[in-house]
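Pasting query_24.txt here (compact mmCIF, C-alpha atoms):
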```txt
# COMPACT_ATOMS: atom_id res chain seq x y z
CA MET A 13 81.17 104.87 108.02
CA THR A 14 79.03 102.76 105.76
CA VAL A 15 75.59 101.36 105.14
CA ILE A 16 74.49 97.77 105.69
CA ALA A 17 70.96 96.50 105.14
CA TRP A 18 69.10 93.26 105.79
CA ASP A 19 65.62 92.54 104.45
CA GLY A 20 65.12 89.01 105.76
CA ARG A 21 66.63 87.43 102.63
CA ILE A 22 69.40 89.69 101.30
CA LEU A 23 72.30 91.17 103.27
CA ALA A 24 74.05 94.09 101.55
CA SER A 25 76.89 96.48 102.33
CA ASP A 26 78.62 99.30 100.57
CA LYS A 27 82.41 99.12 100.23
CA GLN A 28 83.55 102.64 101.16
CA VAL A 29 86.06 103.39 103.88
CA THR A 30 86.79 107.06 104.57
CA MET A 31 90.04 108.13 106.21
CA ASN A 32 91.20 111.74 106.52
CA GLY A 33 88.99 112.86 103.65
CA THR A 34 90.08 110.04 101.34
CA LYS A 35 87.80 107.19 100.35
CA PHE A 36 88.82 103.71 99.29
CA SER A 37 87.25 100.29 98.87
CA THR A 38 87.14 97.30 101.20
CA THR A 39 84.84 94.33 101.71
CA LYS A 40 82.70 94.65 104.84
CA LEU A 41 80.48 91.62 104.22
CA LYS A 42 81.99 88.25 105.08
CA TYR A 43 80.97 84.60 104.95
CA LEU A 44 82.09 83.00 108.21
CA GLY A 45 82.14 79.43 106.88
CA ASN A 46 79.59 78.01 109.31
CA GLY A 47 76.31 79.11 107.76
CA GLU A 48 76.72 82.62 109.14
CA TYR A 49 77.35 85.90 107.37
CA ALA A 50 78.62 89.10 108.95
CA ALA A 51 78.59 92.76 107.95
CA MET A 52 80.39 95.60 109.70
CA THR A 53 79.94 99.33 110.11
CA GLY A 54 82.01 101.86 112.02
CA GLY A 55 85.73 102.14 112.62
CA ILE A 56 87.23 99.49 110.35
CA ASN A 57 89.97 98.41 112.77
CA ASP A 58 87.48 97.99 115.59
CA CYS A 59 85.13 96.11 113.27
CA LEU A 60 87.86 93.72 112.19
CA ALA A 61 88.79 93.09 115.84
CA MET A 62 85.13 92.36 116.65
CA LEU A 63 84.90 90.02 113.66
CA GLU A 64 87.96 88.05 114.77
CA TRP A 65 86.63 87.94 118.35
CA TYR A 66 83.33 86.54 117.06
CA LYS A 67 85.03 83.96 114.81
CA ASP A 68 87.14 82.85 117.81
CA GLY A 69 84.04 81.95 119.80
CA ALA A 70 82.64 85.28 121.07
CA ASP A 71 83.86 84.73 124.64
CA ARG A 72 82.61 87.77 126.58
CA ASP A 73 85.79 87.87 128.66
CA LYS A 74 87.94 88.10 125.52
CA PHE A 75 86.12 90.98 123.82
CA PRO A 76 88.71 93.47 122.50
CA GLN A 77 89.20 95.99 125.30
CA PHE A 78 90.13 98.88 122.99
CA VAL A 79 86.77 98.52 121.19
CA LYS A 80 84.94 99.04 124.51
CA ASP A 81 87.20 101.89 125.59
CA ASN A 82 87.40 104.15 122.55
CA ASP A 83 84.82 106.68 121.45
CA SER A 84 84.31 105.39 117.92
CA TYR A 85 81.19 103.53 116.87
CA SER A 86 81.48 99.93 115.67
CA LEU A 87 78.82 97.35 114.90
CA LEU A 88 78.97 93.72 113.81
CA LEU A 89 75.78 92.24 112.32
CA VAL A 90 75.57 88.44 112.10
CA ILE A 91 72.94 86.60 110.04
CA ARG A 92 72.40 82.86 110.56
CA ARG A 93 71.45 81.06 107.38
CA ASN A 94 69.67 78.12 109.03
CA ASN A 95 66.83 80.26 110.38
CA LEU A 96 67.58 83.69 108.83
CA SER A 97 67.91 85.22 112.29
CA ALA A 98 70.02 88.28 113.03
CA VAL A 99 72.00 89.55 116.02
CA TYR A 100 74.33 92.48 116.37
CA TYR A 101 77.16 93.54 118.66
CA GLU A 102 77.67 97.25 119.20
CA ASN A 103 80.94 98.05 120.94
CA SER A 104 80.25 95.29 123.45
CA PRO A 105 80.27 91.50 123.80
CA PHE A 106 76.50 91.32 124.30
CA ALA A 107 74.37 90.21 121.36
CA VAL A 108 71.19 92.10 120.58
CA ASN A 109 68.57 89.95 118.86
CA VAL A 110 66.96 91.60 115.85
CA GLU A 111 63.28 90.83 115.48
CA ASP A 112 62.58 93.12 112.52
CA ARG A 113 63.02 91.73 109.02
CA LYS A 114 64.06 95.08 107.54
CA ILE A 115 66.96 96.78 109.28
CA ALA A 116 69.86 99.01 108.34
CA PHE A 117 72.90 100.40 110.13
CA GLY A 118 75.57 103.02 109.46
CA CYS A 119 75.55 106.52 108.03
CA GLY A 120 73.19 105.67 105.20
CA ARG A 121 70.71 103.75 107.34
CA ASP A 122 67.89 106.29 107.08
CA PHE A 123 68.02 106.27 103.29
CA ALA A 124 68.17 102.46 103.24
CA LEU A 125 65.28 102.05 105.67
CA GLY A 126 63.17 104.48 103.65
CA ALA A 127 63.97 102.62 100.45
CA MET A 128 63.04 99.27 101.98
CA ALA A 129 59.81 100.75 103.39
CA ALA A 130 59.00 101.80 99.82
CA GLY A 131 59.56 98.25 98.52
CA ALA A 132 63.29 98.03 97.71
CA ASN A 133 65.27 94.95 98.69
CA ALA A 134 68.43 95.36 100.79
CA PHE A 135 70.74 95.55 97.75
CA GLU A 136 68.59 98.21 96.10
CA ALA A 137 68.36 100.06 99.41
CA VAL A 138 72.16 100.19 99.76
CA LYS A 139 72.44 101.47 96.19
CA ILE A 140 69.93 104.23 96.97
CA ALA A 141 71.72 105.16 100.21
CA CYS A 142 74.99 105.41 98.29
CA LYS A 143 73.43 108.01 95.99
CA PHE A 144 72.63 110.35 98.87
CA ASP A 145 75.09 109.77 101.73
CA ILE A 146 78.65 111.00 101.11
CA HIS A 147 80.11 108.37 103.46
CA CYS A 148 78.68 105.45 101.48
CA GLY A 149 79.60 104.12 98.06
CA VAL A 150 82.55 102.67 96.10
CA GLY A 151 80.55 99.58 95.18
CA CYS A 152 78.29 97.12 96.94
CA ASP A 153 78.62 93.54 98.14
CA TRP A 154 75.48 91.51 98.71
CA VAL A 155 74.38 87.99 99.38
CA ASN A 156 70.99 86.33 99.01
CA ILE A 157 71.24 84.19 102.12
CA ALA A 158 67.81 82.66 101.59
CA ASN A 159 68.89 81.47 98.13
CA ASP A 160 71.84 79.19 99.05
CA GLY A 161 74.06 82.13 99.94
CA VAL A 162 74.77 83.30 96.41
CA MET A 163 77.18 86.26 96.78
CA ARG A 164 77.50 89.07 94.31
CA VAL A 165 79.58 92.19 93.96
CA SER A 166 78.17 95.14 92.09
CA ASP A 167 79.10 98.66 91.16
CA VAL A 168 76.86 101.26 92.74
```
Could you rewrite the structure in this file as structure tokens?
Amino acid sequence: MTVIAWDGRILASDKQVTMNGTKFSTTKLKYLGNGEYAAMTGGINDCLAMLEWYKDGADRDKFPQFVKDNDSYSLLLVIRRNNLSAVYYENSPFAVNVEDRKIAFGCGRDFALGAMAAGANAFEAVKIACKFDIHCGVGCDWVNIANDGVMRVSDV
């Protein structure tokens, strides 16, 4: 799985993908080119299908059927830069509005939420989650959306 965190200004994600006991690195935080940023957690193939569906207009009738039908968990979080609002899609074409300013998803979410509750920003929270959850790590991507969308990549 992964860990993604949003604190109302910074969106952060680890880079680890785990497959059959092997971990490797991939980027799960994307700039969509229209003032929106997305982060993904769950089955990477399902997440990529959801991302493409969203980029193609998020037509409910065109949501990838295999994402709805399989038993794996997938989530696409979208942050809009113009008003710093967040929505997520969880194995379905229906957006859930996020009203909280501090949220986290994925395997390391509990560690990240605890870190943010203690004062960490989203990037620091992902780094902390990566220290404790075996399914998170291999680096971190983050973007300060409130600060002109400056993206950074960091080792964890």
A:Asp83: which residues within 12 Å, counting all atoms listed in the file, same-chain residues fewer than 4 positions away excluded, as a VMD selection string?
-> chain A and resid 54 to 55 58 78 to 79 103
Might you pull out every residue within 12 Å of A:Lys143, with all atoms listed in the file counted and same-chain residues fewer than 3 positions away left off, and present them as a list in words?
-> Val15, Asp26, Gly120, Phe123, Ala124, Ala127, Glu136, Ala137, Val138, Lys139, Ile140, Ile146, His147, Cys148, Gly149, Val150, Gly151, Cys152, Asp167 and Val168 of chain A
Quick one: pull the distance between atom CA of A:Arg113 and atom CA of A:Gly131, Å, one decimal.
->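 Between these atoms lies a distance of 12.8 Å.
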For A:Asp122: contacts at 12 Å, only C-alpha atoms, fewer than 2 positions along chain excluded, given as a PyMOL selection string | chain A and resi 14-17+114-120+124-129+137-138+140-142+144-145
Non-local contacts of A:Pro105 (9 Å; all atoms listed in the file; under 4 positions in same chain excluded) as a list in words | Met62, Tyr66, Ala70, Asp71, Arg72, Asp73, Lys74, Phe75, Pro76, Lys80 and Tyr101 of chain A
For A:Ile56, which residue out of A:Ala98, A:Leu89, A:Gly20, A:Met13 is the nearest one, using all atoms listed in the file?
-> A:Met13
A:Thr34, A:Tyr85, A:Ile22, A:Glu111 ranked by distance to A:Ser97, top pick (using only C-alpha atoms) =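 Closest to A:Ser97, using only C-alpha atoms: A:Glu111.
Excluding A:Ala50 and any residue on its chain fewer than 6 positions from it, the residues at most 6 Å away by only C-alpha atoms are A:Leu41, A:Lys42, A:Leu89, A:Val90.
Using all atoms listed in the file, every residue with an atom at most 8 Å from the point (72.7, 86.5, 104.4) is listed here: Trp18, Arg21, Ile22, Leu23, Glu48, Tyr49, Ala50, Ile91, Arg92, Arg93, Leu96, Val155, Asn156, Ile157, Ala158 and Gly161 of chain A.
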Tell me, in Å to one decimal, how far atom CA of A:Val110 is from atom CA of A:Ser25.
-> 17.5 Å
Top pick for closest residue to A:Val108, considering A:Ala130, A:Leu87, A:Leu63, A:Lys40 and counting only C-alpha atoms | A:Leu87
Nearest to A:Val99 among A:Asn46, A:Asp112, A:Asn57, A:Ser37, with distances taken over only C-alpha atoms: which residue is it?
->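 Of all the options, A:Asp112 lies closest to A:Val99.
Between atom CA of A:Gln28 and atom CA of A:Phe106 the separation is 26.7 Å.
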Provide stretch 143-158 of chain A rebuilt to N, CA, C and O atoms, formatted as a JSON list (two decimals), keeping the file's coordinate frame.
```
[["chain", "number", "residue", "atom", "x", "y", "z"],
["A", 143, "LYS", "N", 73.67, 106.83, 96.83],
["A", 143, "LYS", "CA", 73.43, 108.01, 95.99],
["A", 143, "LYS", "C", 73.33, 109.28, 96.81],
["A", 143, "LYS", "O", 73.60, 110.37, 96.32],
["A", 144, "PHE", "N", 72.93, 109.16, 98.08],
["A", 144, "PHE", "CA", 72.63, 110.35, 98.87],
["A", 144, "PHE", "C", 73.56, 110.60, 100.05],
["A", 144, "PHE", "O", 73.65, 111.74, 100.50],
["A", 145, "ASP", "N", 74.22, 109.59, 100.58],
["A", 145, "ASP", "CA", 75.09, 109.77, 101.73],
["A", 145, "ASP", "C", 76.54, 109.79, 101.27],
["A", 145, "ASP", "O", 77.00, 108.84, 100.64],
["A", 146, "ILE", "N", 77.27, 110.85, 101.60],
["A", 146, "ILE", "CA", 78.65, 111.00, 101.11],
["A", 146, "ILE", "C", 79.62, 110.00, 101.72],
["A", 146, "ILE", "O", 80.72, 109.82, 101.23],
["A", 147, "HIS", "N", 79.23, 109.34, 102.81],
["A", 147, "HIS", "CA", 80.11, 108.37, 103.46],
["A", 147, "HIS", "C", 79.83, 106.94, 103.02],
["A", 147, "HIS", "O", 80.34, 105.99, 103.62],
["A", 148, "CYS", "N", 79.03, 106.77, 101.99],
["A", 148, "CYS", "CA", 78.68, 105.45, 101.48],
["A", 148, "CYS", "C", 78.98, 105.41, 99.98],
["A", 148, "CYS", "O", 78.81, 106.41, 99.29],
["A", 149, "GLY", "N", 79.38, 104.25, 99.50],
["A", 149, "GLY", "CA", 79.60, 104.12, 98.06],
["A", 149, "GLY", "C", 80.73, 103.17, 97.72],
["A", 149, "GLY", "O", 80.99, 102.20, 98.43],
["A", 150, "VAL", "N", 81.40, 103.41, 96.61],
["A", 150, "VAL", "CA", 82.55, 102.67, 96.10],
["A", 150, "VAL", "C", 82.21, 101.20, 95.84],
["A", 150, "VAL", "O", 83.04, 100.32, 95.99],
["A", 151, "GLY", "N", 80.97, 100.94, 95.48],
["A", 151, "GLY", "CA", 80.55, 99.58, 95.18],
["A", 151, "GLY", "C", 79.68, 98.99, 96.26],
["A", 151, "GLY", "O", 79.44, 99.61, 97.30],
["A", 152, "CYS", "N", 79.20, 97.78, 96.01],
["A", 152, "CYS", "CA", 78.29, 97.12, 96.94],
["A", 152, "CYS", "C", 78.52, 95.62, 96.88],
["A", 152, "CYS", "O", 78.66, 95.05, 95.80],
["A", 153, "ASP", "N", 78.60, 95.00, 98.04],
["A", 153, "ASP", "CA", 78.62, 93.54, 98.14],
["A", 153, "ASP", "C", 77.26, 93.12, 98.69],
["A", 153, "ASP", "O", 76.70, 93.80, 99.56],
["A", 154, "TRP", "N", 76.75, 92.01, 98.19],
["A", 154, "TRP", "CA", 75.48, 91.51, 98.71],
["A", 154, "TRP", "C", 75.40, 90.01, 98.57],
["A", 154, "TRP", "O", 76.09, 89.42, 97.75],
["A", 155, "VAL", "N", 74.58, 89.43, 99.41],
["A", 155, "VAL", "CA", 74.38, 87.99, 99.38],
["A", 155, "VAL", "C", 72.90, 87.70, 99.61],
["A", 155, "VAL", "O", 72.28, 88.30, 100.49],
["A", 156, "ASN", "N", 72.36, 86.81, 98.80],
["A", 156, "ASN", "CA", 70.99, 86.33, 99.01],
["A", 156, "ASN", "C", 71.11, 85.09, 99.88],
["A", 156, "ASN", "O", 71.30, 83.98, 99.38],
["A", 157, "ILE", "N", 71.03, 85.27, 101.17],
["A", 157, "ILE", "CA", 71.24, 84.19, 102.12],
["A", 157, "ILE", "C", 70.13, 83.15, 102.00],
["A", 157, "ILE", "O", 70.37, 81.96, 102.15],
["A", 158, "ALA", "N", 68.92, 83.59, 101.71],
["A", 158, "ALA", "CA", 67.81, 82.66, 101.59],
["A", 158, "ALA", "C", 67.89, 81.82, 100.32],
["A", 158, "ALA", "O", 67.19, 80.83, 100.20]]
```
